[in-house]
Structure formats: structure tokens, C-alpha cells
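S.K.: One file is attached below, work.cif, containing mmCIF, C-alpha atoms.
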```
data_structure
#
loop_
_atom_site.label_atom_id
_atom_site.label_comp_id
_atom_site.auth_asym_id
_atom_site.auth_seq_id
_atom_site.Cartn_x
_atom_site.Cartn_y
_atom_site.Cartn_z
CA MET A 1 18.32 116.74 -50.08
CA GLN A 2 19.26 117.34 -46.46
CA MET A 3 21.92 119.98 -45.90
CA LYS A 4 25.29 118.73 -44.65
CA THR A 5 27.85 120.79 -42.78
CA VAL A 6 31.64 120.83 -43.10
CA LEU A 7 33.56 122.42 -40.22
CA ILE A 8 37.09 123.63 -40.93
CA PHE A 9 39.26 124.50 -37.93
CA GLY A 10 42.04 126.90 -38.94
CA ALA A 11 42.13 129.51 -41.70
CA GLY A 12 45.89 129.93 -42.10
CA LYS A 13 48.21 129.78 -45.11
CA SER A 14 47.44 126.20 -46.13
CA ALA A 15 43.66 126.47 -45.78
CA THR A 16 42.97 128.89 -48.67
CA CYS A 17 42.48 126.38 -51.49
CA LEU A 18 40.69 123.89 -49.23
CA ILE A 19 38.11 126.52 -48.29
CA ASP A 20 37.72 127.72 -51.91
CA TYR A 21 37.26 124.15 -53.16
CA LEU A 22 34.55 123.23 -50.65
CA ILE A 23 32.70 126.55 -51.09
CA ALA A 24 32.67 125.95 -54.87
CA GLN A 25 31.22 122.46 -54.34
CA ALA A 26 28.68 123.56 -51.73
CA PRO A 27 25.74 124.84 -53.86
CA ALA A 28 25.38 121.71 -56.01
CA ASN A 29 25.67 119.42 -52.98
CA ASN A 30 23.62 121.44 -50.48
CA TRP A 31 26.54 121.85 -48.09
CA HIS A 32 27.31 124.63 -45.65
CA ILE A 33 30.94 125.40 -44.81
CA LEU A 34 31.89 126.66 -41.35
CA VAL A 35 35.37 128.18 -41.08
CA ALA A 36 36.48 128.60 -37.46
CA ASP A 37 39.69 130.34 -36.39
CA GLN A 38 40.89 132.17 -33.29
CA ASN A 39 41.32 135.17 -35.61
CA MET A 40 37.85 136.16 -36.82
CA GLU A 41 39.27 138.58 -39.38
CA GLN A 42 41.39 135.83 -40.92
CA ALA A 43 38.43 133.44 -41.11
CA ALA A 44 36.17 136.10 -42.62
CA GLY A 45 38.80 136.97 -45.20
CA LYS A 46 38.92 133.36 -46.40
CA VAL A 47 35.11 133.02 -46.58
CA GLY A 48 34.13 136.29 -48.26
CA ASN A 49 30.48 137.12 -48.94
CA VAL A 50 29.00 133.77 -49.92
CA SER A 51 25.78 132.36 -48.53
CA GLN A 52 27.16 128.80 -48.40
CA ALA A 53 29.83 129.64 -45.80
CA THR A 54 30.12 131.22 -42.38
CA ALA A 55 33.20 132.52 -40.56
CA LEU A 56 33.42 131.95 -36.82
CA ALA A 57 35.78 132.91 -34.02
CA VAL A 58 36.71 129.97 -31.80
CA ASN A 59 38.78 129.24 -28.73
CA ILE A 60 39.80 125.71 -29.61
CA THR A 61 40.90 124.94 -26.04
CA ASP A 62 37.38 125.61 -24.71
CA ALA A 63 35.95 122.08 -24.62
CA ALA A 64 32.29 123.14 -24.49
CA GLU A 65 32.66 125.63 -27.33
CA ARG A 66 34.60 123.10 -29.41
CA SER A 67 32.03 120.35 -28.86
CA ARG A 68 29.09 122.64 -29.70
CA LEU A 69 30.67 123.47 -33.04
CA ILE A 70 31.59 119.87 -33.84
CA ALA A 71 28.05 118.71 -32.98
CA ARG A 72 26.79 120.90 -35.85
CA ALA A 73 29.07 119.21 -38.41
CA ASP A 74 28.92 116.04 -40.48
CA ILE A 75 32.68 116.18 -41.04
CA VAL A 76 35.54 118.16 -39.51
CA VAL A 77 38.77 119.17 -41.26
CA SER A 78 41.47 120.26 -38.83
CA MET A 79 44.09 122.65 -40.20
CA LEU A 80 45.32 123.45 -36.70
CA PRO A 81 48.88 122.94 -35.41
CA PRO A 82 49.49 119.20 -34.83
CA HIS A 83 49.49 119.43 -31.01
CA LEU A 84 45.83 120.55 -31.11
CA HIS A 85 44.53 117.68 -33.24
CA LEU A 86 43.98 115.41 -30.24
CA LEU A 87 41.54 117.91 -28.68
CA VAL A 88 39.56 117.98 -31.91
CA ALA A 89 39.77 114.20 -32.36
CA GLU A 90 38.44 113.48 -28.87
CA SER A 91 35.51 115.85 -29.40
CA CYS A 92 34.79 114.33 -32.83
CA LEU A 93 34.73 110.91 -31.20
CA SER A 94 32.30 112.11 -28.51
CA GLU A 95 30.02 113.85 -31.02
CA GLY A 96 30.16 111.10 -33.67
CA THR A 97 31.77 113.22 -36.40
CA HIS A 98 34.23 112.20 -39.14
CA LEU A 99 37.67 113.88 -39.00
CA LEU A 100 40.34 114.70 -41.59
CA THR A 101 43.81 116.14 -40.96
CA ALA A 102 46.95 116.77 -43.01
CA SER A 103 49.27 115.98 -40.10
CA TYR A 104 51.19 112.88 -39.09
CA ALA A 105 49.12 110.44 -37.03
CA ASP A 106 50.95 110.42 -33.70
CA GLU A 107 50.68 107.76 -30.99
CA LYS A 108 47.87 109.56 -29.16
CA ILE A 109 45.73 109.81 -32.29
CA ARG A 110 46.51 106.16 -33.12
CA GLY A 111 45.38 105.26 -29.62
CA LEU A 112 41.83 106.26 -30.60
CA ALA A 113 41.68 103.79 -33.49
CA GLU A 114 39.61 101.10 -31.79
CA ASP A 115 36.99 103.58 -30.52
CA VAL A 116 36.80 105.28 -33.93
CA LYS A 117 36.07 101.91 -35.57
CA LYS A 118 33.46 100.98 -32.95
CA LYS A 119 31.59 104.22 -33.56
CA GLY A 120 31.58 103.68 -37.34
CA LEU A 121 33.53 106.88 -37.95
CA LEU A 122 36.35 107.66 -40.37
CA PHE A 123 39.40 109.51 -39.09
CA LEU A 124 41.62 110.12 -42.12
CA CYS A 125 45.10 111.47 -41.26
CA GLU A 126 48.17 112.44 -43.33
CA MET A 127 45.87 113.67 -46.11
CA GLY A 128 47.83 116.70 -47.33
CA LEU A 129 50.98 116.93 -49.45
CA ASP A 130 53.80 115.31 -47.51
CA PRO A 131 52.33 113.34 -45.86
CA GLY A 132 49.40 112.78 -48.21
CA ILE A 133 49.92 113.03 -51.95
CA ASP A 134 53.25 111.27 -51.43
CA HIS A 135 51.49 108.25 -49.88
CA MET A 136 48.78 108.11 -52.53
CA SER A 137 51.00 108.46 -55.57
CA ALA A 138 53.68 106.12 -54.19
CA MET A 139 51.18 103.41 -53.29
CA GLN A 140 49.54 103.64 -56.69
CA LEU A 141 52.97 103.03 -58.28
CA VAL A 142 53.91 100.26 -55.85
CA HIS A 143 50.62 98.40 -56.24
CA ARG A 144 50.76 98.67 -60.04
CA ILE A 145 54.32 97.35 -60.24
CA GLN A 146 53.53 94.50 -57.88
CA SER A 147 50.34 93.59 -59.74
CA GLN A 148 52.46 93.18 -62.89
CA GLY A 149 54.87 90.84 -61.12
CA GLY A 150 57.57 93.41 -60.35
CA ASN A 151 59.87 93.12 -57.33
CA ILE A 152 60.84 96.55 -56.00
CA ARG A 153 64.52 96.82 -55.05
CA SER A 154 64.94 100.55 -54.42
CA PHE A 155 62.55 103.33 -53.40
CA HIS A 156 63.32 107.04 -53.21
CA SER A 157 60.56 109.60 -52.56
CA HIS A 158 61.59 113.26 -52.72
CA CYS A 159 59.43 116.28 -51.91
CA GLY A 160 60.13 119.95 -51.45
CA GLY A 161 58.20 123.17 -50.91
CA LEU A 162 60.34 125.61 -52.90
CA VAL A 163 60.31 128.98 -54.59
CA ALA A 164 59.55 129.05 -58.33
CA PRO A 165 62.59 130.04 -60.44
CA GLU A 166 60.87 133.22 -61.66
CA SER A 167 60.51 134.40 -58.02
CA ASP A 168 63.94 133.23 -56.85
CA ASN A 169 65.83 136.41 -55.99
CA ASN A 170 67.73 135.74 -52.76
CA PRO A 171 70.90 133.77 -51.91
CA TRP A 172 68.87 131.12 -50.02
CA HIS A 173 66.84 130.29 -53.13
CA TYR A 174 63.92 129.81 -50.76
CA LYS A 175 60.79 131.59 -49.55
CA ILE A 176 58.39 130.51 -46.83
CA SER A 177 55.08 129.07 -48.05
CA TRP A 178 54.11 127.10 -44.93
CA ASN A 179 54.46 127.25 -41.16
CA PRO A 180 57.73 129.16 -40.50
CA ARG A 181 58.15 127.40 -37.17
CA ASN A 182 58.38 124.10 -39.06
CA VAL A 183 61.03 125.56 -41.36
CA VAL A 184 63.22 126.41 -38.36
CA MET A 185 62.71 123.06 -36.65
CA ALA A 186 62.97 120.83 -39.75
CA GLY A 187 65.26 117.85 -39.26
CA LYS A 188 65.64 118.29 -35.49
CA SER A 189 65.01 114.61 -34.81
CA GLY A 190 67.63 113.50 -37.35
CA ALA A 191 66.83 110.75 -39.83
CA VAL A 192 66.92 107.00 -40.27
CA TYR A 193 66.63 105.16 -43.58
CA LYS A 194 67.76 102.06 -45.43
CA GLN A 195 70.40 102.14 -48.16
CA SER A 196 71.81 99.08 -49.96
CA GLY A 197 70.55 96.85 -47.18
CA ALA A 198 72.10 98.89 -44.34
CA ILE A 199 70.20 100.95 -41.78
CA ILE A 200 71.64 104.47 -41.78
CA THR A 201 71.09 106.93 -38.93
CA THR A 202 71.99 110.56 -39.54
CA PRO A 203 72.03 112.99 -36.58
CA TYR A 204 70.70 116.52 -36.97
CA GLU A 205 74.19 118.02 -36.91
CA LYS A 206 75.12 116.13 -40.11
CA LEU A 207 71.80 116.29 -41.94
CA PHE A 208 72.71 119.29 -44.11
CA LEU A 209 76.30 118.29 -44.90
CA ASN A 210 77.40 116.85 -48.27
CA ASN A 211 73.85 116.40 -49.52
CA PRO A 212 73.33 114.34 -52.69
CA ASN A 213 71.60 115.94 -55.67
CA VAL A 214 68.75 114.74 -57.86
CA SER A 215 67.93 116.07 -61.33
CA ILE A 216 64.43 117.44 -61.94
CA PRO A 217 63.46 117.57 -65.64
CA GLY A 218 63.41 121.19 -66.76
CA TYR A 219 64.50 122.56 -63.38
CA GLY A 220 68.08 121.41 -62.84
CA SER A 221 69.51 119.81 -59.73
CA TYR A 222 68.16 119.95 -56.19
CA ALA A 223 69.81 118.67 -53.03
CA TRP A 224 68.05 116.26 -50.72
CA TYR A 225 68.31 115.30 -47.08
CA PRO A 226 66.61 112.26 -45.50
CA ASN A 227 63.29 112.98 -43.83
CA ARG A 228 62.61 111.68 -40.31
CA ASP A 229 62.04 107.93 -39.95
CA SER A 230 61.79 106.39 -43.43
CA LEU A 231 61.68 102.88 -41.98
CA ALA A 232 58.19 103.42 -40.55
CA TYR A 233 56.99 104.04 -44.09
CA ALA A 234 58.78 101.00 -45.49
CA ASN A 235 56.55 99.07 -43.12
CA LEU A 236 53.45 101.08 -44.09
CA TYR A 237 54.12 100.55 -47.81
CA ALA A 238 54.92 96.82 -47.22
CA LEU A 239 58.42 97.34 -48.68
CA ASN A 240 60.44 96.02 -45.74
CA SER A 241 62.46 93.72 -48.02
CA THR A 242 63.46 96.58 -50.32
CA ALA A 243 67.23 97.14 -50.16
CA THR A 244 66.95 100.94 -50.32
CA PHE A 245 64.08 102.94 -48.88
CA ILE A 246 64.51 106.69 -48.42
CA ARG A 247 62.03 109.55 -48.01
CA THR A 248 63.62 112.97 -48.45
CA THR A 249 63.14 116.73 -48.42
CA LEU A 250 64.31 118.75 -51.44
CA ARG A 251 66.11 122.08 -51.21
CA HIS A 252 68.35 124.16 -53.47
CA PRO A 253 71.96 122.99 -52.93
CA ASP A 254 72.95 126.41 -51.57
CA PHE A 255 70.18 126.26 -48.98
CA CYS A 256 71.70 123.14 -47.44
CA LYS A 257 75.14 124.76 -47.34
CA GLY A 258 73.77 127.82 -45.57
CA TRP A 259 71.55 125.86 -43.21
CA SER A 260 74.44 123.62 -42.18
CA ARG A 261 76.09 126.77 -40.80
CA ILE A 262 72.88 127.80 -39.04
CA VAL A 263 72.76 124.38 -37.35
CA ALA A 264 76.47 124.44 -36.45
CA LEU A 265 76.00 127.84 -34.77
CA GLY A 266 73.14 126.52 -32.65
CA LEU A 267 70.75 129.11 -34.04
CA THR A 268 67.88 126.62 -34.08
CA ASP A 269 68.15 126.02 -30.31
CA ASP A 270 64.74 126.40 -28.73
CA THR A 271 65.60 125.73 -25.10
CA LEU A 272 67.63 128.66 -23.73
CA LEU A 273 65.89 132.02 -23.32
CA LEU A 274 67.95 135.09 -24.21
CA ASP A 275 67.38 138.70 -23.17
CA THR A 276 67.18 140.43 -26.54
CA ASP A 277 66.35 143.94 -25.30
CA THR A 278 70.04 144.91 -25.34
CA LEU A 279 71.36 142.13 -27.60
CA THR A 280 72.25 142.84 -31.24
CA TYR A 281 72.02 140.28 -34.02
CA ALA A 282 75.78 140.49 -34.55
CA GLU A 283 76.43 139.94 -30.84
CA LEU A 284 74.12 136.92 -30.88
CA THR A 285 76.10 135.46 -33.77
CA ARG A 286 79.44 136.13 -32.04
CA ARG A 287 78.15 134.52 -28.84
CA GLN A 288 77.05 131.44 -30.76
CA TYR A 289 80.50 131.07 -32.32
CA LEU A 290 82.04 131.07 -28.85
CA LYS A 291 79.37 128.85 -27.32
CA GLN A 292 79.55 126.22 -30.07
CA ARG A 293 83.36 126.43 -30.11
CA ILE A 294 83.58 126.71 -33.87
CA ALA A 295 85.86 129.02 -35.79
CA PRO A 296 84.22 131.82 -37.79
CA LYS A 297 85.41 130.36 -41.09
CA GLU A 298 82.27 130.12 -43.14
CA THR A 299 82.62 130.18 -46.90
CA ALA A 300 81.89 133.38 -48.83
CA LEU A 301 78.57 131.82 -49.83
CA GLN A 302 77.61 131.06 -46.22
CA LYS A 303 78.68 134.51 -45.04
CA ASN A 304 76.55 136.12 -47.74
CA MET A 305 73.57 133.97 -46.78
CA LEU A 306 73.82 134.75 -43.06
CA SER A 307 74.40 138.41 -43.87
CA PHE A 308 71.23 138.44 -46.00
CA LEU A 309 69.23 137.32 -42.96
CA GLY A 310 70.71 140.15 -40.89
CA LEU A 311 72.78 138.03 -38.53
CA TYR A 312 75.76 140.40 -38.71
CA GLU A 313 73.79 143.62 -38.16
CA GLU A 314 74.62 145.75 -35.11
CA GLN A 315 70.92 146.31 -34.53
CA VAL A 316 69.29 145.57 -31.18
CA ILE A 317 66.90 142.65 -31.49
CA GLY A 318 64.54 144.13 -28.92
CA ARG A 319 62.03 141.27 -28.69
CA GLY A 320 62.15 140.48 -24.96
CA GLN A 321 62.91 136.96 -23.79
CA GLN A 322 63.35 134.71 -26.82
CA THR A 323 65.26 131.61 -27.84
CA ALA A 324 67.74 131.58 -30.71
CA ALA A 325 65.18 129.61 -32.75
CA GLU A 326 62.51 132.29 -32.19
CA ILE A 327 64.94 135.03 -33.22
CA LEU A 328 65.86 133.08 -36.34
CA GLN A 329 62.20 132.50 -37.17
CA HIS A 330 61.55 136.25 -37.01
CA LEU A 331 64.42 136.88 -39.41
CA LEU A 332 63.20 134.23 -41.83
CA GLU A 333 59.67 135.63 -41.78
CA THR A 334 61.11 139.10 -42.44
CA LYS A 335 63.64 138.23 -45.14
CA LEU A 336 62.20 135.15 -46.88
CA THR A 337 58.54 136.12 -47.19
CA LEU A 338 56.57 135.49 -50.37
CA ARG A 339 55.73 138.88 -51.86
CA GLU A 340 52.31 139.53 -53.38
CA ASP A 341 53.13 138.33 -56.90
CA ASP A 342 55.68 135.69 -55.90
CA ARG A 343 55.09 132.08 -56.86
CA ASP A 344 56.12 129.08 -54.85
CA MET A 345 56.66 125.61 -56.29
CA ILE A 346 56.14 122.03 -55.13
CA ILE A 347 58.33 119.28 -56.53
CA MET A 348 57.66 115.63 -55.78
CA LEU A 349 59.66 112.84 -57.37
CA HIS A 350 59.39 109.11 -56.83
CA GLU A 351 62.24 106.94 -58.13
CA LEU A 352 61.71 103.18 -58.04
CA ALA A 353 64.04 100.45 -59.30
CA TYR A 354 62.53 96.99 -59.71
CA GLN A 355 62.97 93.61 -61.34
CA GLN A 356 60.31 92.29 -63.71
CA ASP A 357 60.57 89.21 -65.93
CA ALA A 358 64.28 89.04 -65.04
CA LYS A 359 64.77 92.60 -66.37
CA PRO A 360 65.98 95.52 -64.25
CA LEU A 361 63.69 98.55 -64.72
CA LYS A 362 63.49 102.05 -63.33
CA ILE A 363 60.49 104.33 -63.15
CA SER A 364 60.34 107.98 -62.14
CA SER A 365 57.12 109.82 -61.40
CA CYS A 366 57.32 113.60 -61.07
CA LEU A 367 54.87 116.25 -59.90
CA ILE A 368 55.51 119.97 -60.31
CA VAL A 369 52.94 122.50 -59.08
CA LYS A 370 53.34 126.28 -59.05
CA GLY A 371 51.37 128.76 -57.01
CA ASP A 372 49.36 131.61 -58.50
CA ASN A 373 50.45 134.21 -55.95
CA HIS A 374 51.32 134.57 -52.25
CA LEU A 375 47.83 133.41 -51.19
CA ARG A 376 46.91 130.71 -53.69
CA THR A 377 50.24 128.99 -53.27
CA ALA A 378 51.31 125.60 -54.57
CA MET A 379 51.60 124.60 -50.90
CA ALA A 380 47.99 125.63 -50.20
CA LYS A 381 46.81 123.74 -53.29
CA THR A 382 48.65 120.51 -52.56
CA VAL A 383 47.87 120.48 -48.83
CA GLY A 384 44.28 121.72 -49.06
CA LEU A 385 42.87 120.09 -52.18
CA PRO A 386 43.40 116.44 -51.10
CA LEU A 387 41.56 117.24 -47.87
CA GLY A 388 38.73 118.99 -49.69
CA ILE A 389 38.38 116.21 -52.24
CA ALA A 390 38.39 113.52 -49.56
CA ALA A 391 35.78 115.42 -47.52
CA ALA A 392 33.58 115.67 -50.62
CA LEU A 393 33.94 111.96 -51.40
CA ILE A 394 33.02 111.01 -47.83
CA LEU A 395 29.96 113.29 -47.80
CA GLN A 396 28.89 111.80 -51.16
CA ASN A 397 29.30 108.25 -49.75
CA LYS A 398 31.98 107.47 -52.35
CA ILE A 399 34.46 106.65 -49.58
CA ARG A 400 32.72 104.38 -47.07
CA LEU A 401 35.63 103.22 -44.91
CA THR A 402 35.48 103.39 -41.14
CA GLY A 403 38.29 103.45 -38.61
CA LEU A 404 41.58 105.35 -38.46
CA HIS A 405 43.29 105.39 -41.85
CA LEU A 406 46.11 106.92 -43.87
CA PRO A 407 45.54 107.34 -47.63
CA THR A 408 47.40 104.18 -48.68
CA LEU A 409 44.36 102.14 -49.72
CA PRO A 410 43.01 102.10 -53.31
CA GLU A 411 39.55 103.01 -51.99
CA ILE A 412 41.05 106.36 -50.96
CA TYR A 413 43.92 107.11 -53.30
CA ALA A 414 42.29 106.12 -56.61
CA PRO A 415 39.36 108.60 -56.53
CA VAL A 416 41.38 111.34 -54.84
CA LEU A 417 44.25 111.21 -57.35
CA LYS A 418 41.75 111.20 -60.21
CA ALA A 419 40.06 114.30 -58.80
CA LEU A 420 43.45 115.99 -58.24
CA GLU A 421 44.25 115.49 -61.93
CA ARG A 422 41.11 117.44 -62.78
CA GLU A 423 42.52 120.26 -60.63
CA GLY A 424 45.80 120.24 -62.59
CA ILE A 425 47.78 118.24 -60.03
CA ARG A 426 49.15 115.35 -62.07
CA PHE A 427 52.31 113.27 -62.27
CA THR A 428 54.39 112.52 -65.38
CA GLU A 429 56.09 109.14 -65.61
CA GLU A 430 59.18 107.86 -67.35
CA THR A 431 60.32 104.22 -67.44
CA GLN A 432 63.89 103.18 -68.26
CA GLN A 433 65.40 99.77 -68.82
#
```
What does the file become when written as C-alpha cells?
M.R.:
Amino acid sequence: MQMKTVLIFGAGKSATCLIDYLIAQAPANNWHILVADQNMEQAAGKVGNVSQATALAVNITDAAERSRLIARADIVVSMLPPHLHLLVAESCLSEGTHLLTASYADEKIRGLAEDVKKKGLLFLCEMGLDPGIDHMSAMQLVHRIQSQGGNIRSFHSHCGGLVAPESDNNPWHYKISWNPRNVVMAGKSGAVYKQSGAIITTPYEKLFLNNPNVSIPGYGSYAWYPNRDSLAYANLYALNSTATFIRTTLRHPDFCKGWSRIVALGLTDDTLLLDTDTLTYAELTRRQYLKQRIAPKETALQKNMLSFLGLYEEQVIGRGQQTAAEILQHLLETKLTLREDDRDMIIMLHELAYQQDAKPLKISSCLIVKGDNHLRTAMAKTVGLPLGIAAALILQNKIRLTGLHLPTLPEIYAPVLKALEREGIRFTEETQQ
């Protein structure tokens, strides 16, 4: 059996379980796993001392170096920041190599679709958690209901990367298990969704105000805010006629209350550079009150939450020229870090209301995954394992599609969800009349 090579770009937080999964599968399948990162130490730490894998240092912006690596691979998995995927995609196209990513397929990536198809390649995007597992599990539900004659009237899909209750020991009820930059910038573009037949647009400034709650069996209530452009996914899921279609992000209710104050103060602004060498955190906060023209009348809860982050401390920031968003990110990484034995938690909940045989029915499908520790997190499992499983299925010729795809087709989601169940990632369903 000829050896095949998997090239993974990026060895960060979300790559741990992906790398472990593919290394475990490598001996039986005669695969070799290349893990390339700009930080050689980080890549080597993820690979360890196994003969089936090699750690490499890479400058991803060096076109010749990038192409040489990709030419060695049968399939590439990019765990890089989204803005770098296009570089990888263009090189994969030139070298005739399949590509998988966990990120949203933007317009530039979509622009390659025709060439990908012509070359007989598979570029599979949005193959992580959210987007990824959400698409696969939702489409499995939608297709099953429709095959039984059901007419879907309402669709809610909730997902949150959270802290497990046993590791929840701060007033934010949150710890960072993914890219901290994304935590700071979440919701910046506002949201648009459909509710009771009306198109609702919510600007960023109102996204974290008066958030509705949803009950999670065994875990109490979590708040949700609408996530980006839900309408694009109503089209993708062929649910344009559905009266309500909302994709959301889950957070603890207190988190939304605290973050609404962060937004109101303009602390997520990433445009104006500030000289922090003589600026204290408290002075920054006072300046933002004046600049945003809001009265310092936060609730006791909000004051406690901002105080926990250090925003009232008379300590010089001392980090050179930075934006408010960069300063905030540093505080979050300092105060809301997963400690060694901490566990994070993923919650995903689909709620569908539909009509079948003239009867109104509701179905809920819930996924709860907990991390093992600060490295083998629930986030790393749910982002990395779908990618690893899909890569394995492609190498084994069990997924034979070509072109640019998202995981909304049965040929993709059926075998991947089945394999995820074997890894302990499974949904529980409840139907109500």
C-alpha cells in the first residue's frame, strides 16, 4: 500500500485533537502526518516522538516554501487564521491537492470553485464545530423530517463554547478555549435573522442587550444572541420559506450583561491606536466613559465583572501603541485563561418546530461535550475531529466528491456524524407534540 501524506498547517489550540486522531490512524493506513507551524516548538510539542509524524517550521507567506510542502501532500488541513486560507487554497489548486478548513468559505475561496471542480479536487470548508457539526447535524434533522413529509416552520440553532460548571469560578462564567481575538471581535458585524416571517437586523451595539434564554437539560438556562447572517444559511439549508430561522451563540446570562457594558464603552474598538506606556487601565476606562458619552452607572454586577478584568486598576498598561481591543484581549487572556485542570464545555442545541400529518411537532437535538483539560479541550475535539475524520474518509476513498463543498450533503455528513459518535460526540433527541 502506497504511503499517503497529510499536511496540517497550524498547531494551535484547536489542532490538538485533530493531530492526535490522524497520528492514531496513521499506522494502519500507511499515512505520514506533517505538522507545519511558524513556531517549531509548538509543532514539535503536538507531534511528540512518533515515527508516523514530522514537525516542521514554515513561513506560510513564502510561496515557494508553501508550494514545496503542499506538493508532498495528498491532502492539506488548514488550521491557520482565516485570512491565510486563500494562500493555501491557491497553492493547493496549483499542486493538485485536496484541502479542508474549519473556517467560513468567504467570497475569495468561493471564487475558486470552478477551477477546483475542473481539477477534480475536493475543497471542503466549514468542517469544524460552528460552522461544521452544526451544518451536519442540522441537515440530518432537516432531511429526515422532510423525508417523512414534515413541513418545517421554525428553526433555531444554538451553539456556545463555554466553561464547564465544575471549572466556573469567575464572575464572567467564561474561559477562553479558542482564538482570543475572535472572542473580542465576536458580533462586530451585527446580525440578521428571520423571526415570525419578519427580517430582523440587530446592530452590534444592541446585540448583548435583553438576550433571550434557552434551557439546556441538566445545565440550566443560557442566554443567546443572534450570530452573523442567519439568512445565508436559510438559503443553504433550503429553508427560505420557514417563518423563523435563527442561528445563535450561547453564553451565560451574566456574560451578556457584562459584555454589553464592554461594547458600550467602546473597549472593542480596533481602529484607534493608544499610547499605553503612561496610560493606566483605570484612566483608559475613564477616557472611554467620556468618549462614548455614557454615564458611569453600571450595575453592581457589571462593575464587579469589569473590576475582575482589571479595568479599574491604577496600573500602567505599558504595552506601547495598542488599540482598546488589543488591551482588552490581553486582559481576557490574563484573567480568563483555562488553567491546567480546567474543563471547557461545548453546547449545541437545535430546536425545530414542524407540521406533519396536520399535527404540530417540536424536536430538540442537544450535544454536550466536555474537555479533558486545558489542552484536550471540548473546543479542540469538536473543531479538530470532524476535520480529521473527513480527511481519513477522503484518503480511504469513502468520500469521492469533487468541487468546493460545505458539509451539508448526506455523502459527507452521514459517515462523519457516525464516526463522531464513536468518538463520544453524539446528540440526544426529544420530540414533543
S.K.: Using only C-alpha atoms, can you tell me which of A:Asp62, A:Glu95, A:Glu351, A:Glu429 comes closest to Val76 in chain A?
M.R.: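 Smallest distance to Val76 in chain A is found for A:Glu95.
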S.K.: Between CA of His143 in chain A and CA of Leu409 in chain A, what is the distance in Å, rounded to a tenth?
M.R.: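 One can read the CA of His143 in chain A to CA of Leu409 in chain A distance as 9.8 Å.
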S.K.: Can you list, as a VMD selection string, every protein, DNA or RNA residue that comes within 8 Å of range 279-283 of chain A when you count all atoms listed in the file, leaving out same-chain residues fewer than 6 positions away?
M.R.: chain A and resid 310 to 318
S.K.: Write out as JSON, numbers by chain which residues come within 9 Å of Ile294 in chain A when counting only C-alpha atoms, dropping same-chain ones fewer than 6 positions away.
M.R.: {"A": [264, 265, 288]}
S.K.: What lies within 6 Å of Ala378 in chain A using only C-alpha atoms, ignoring chain neighbours under 3 positions off, as a list in words?
M.R.: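 Those residues are Asp344, Met345, Val369, Lys370, Gly371 and Lys381 of chain A.
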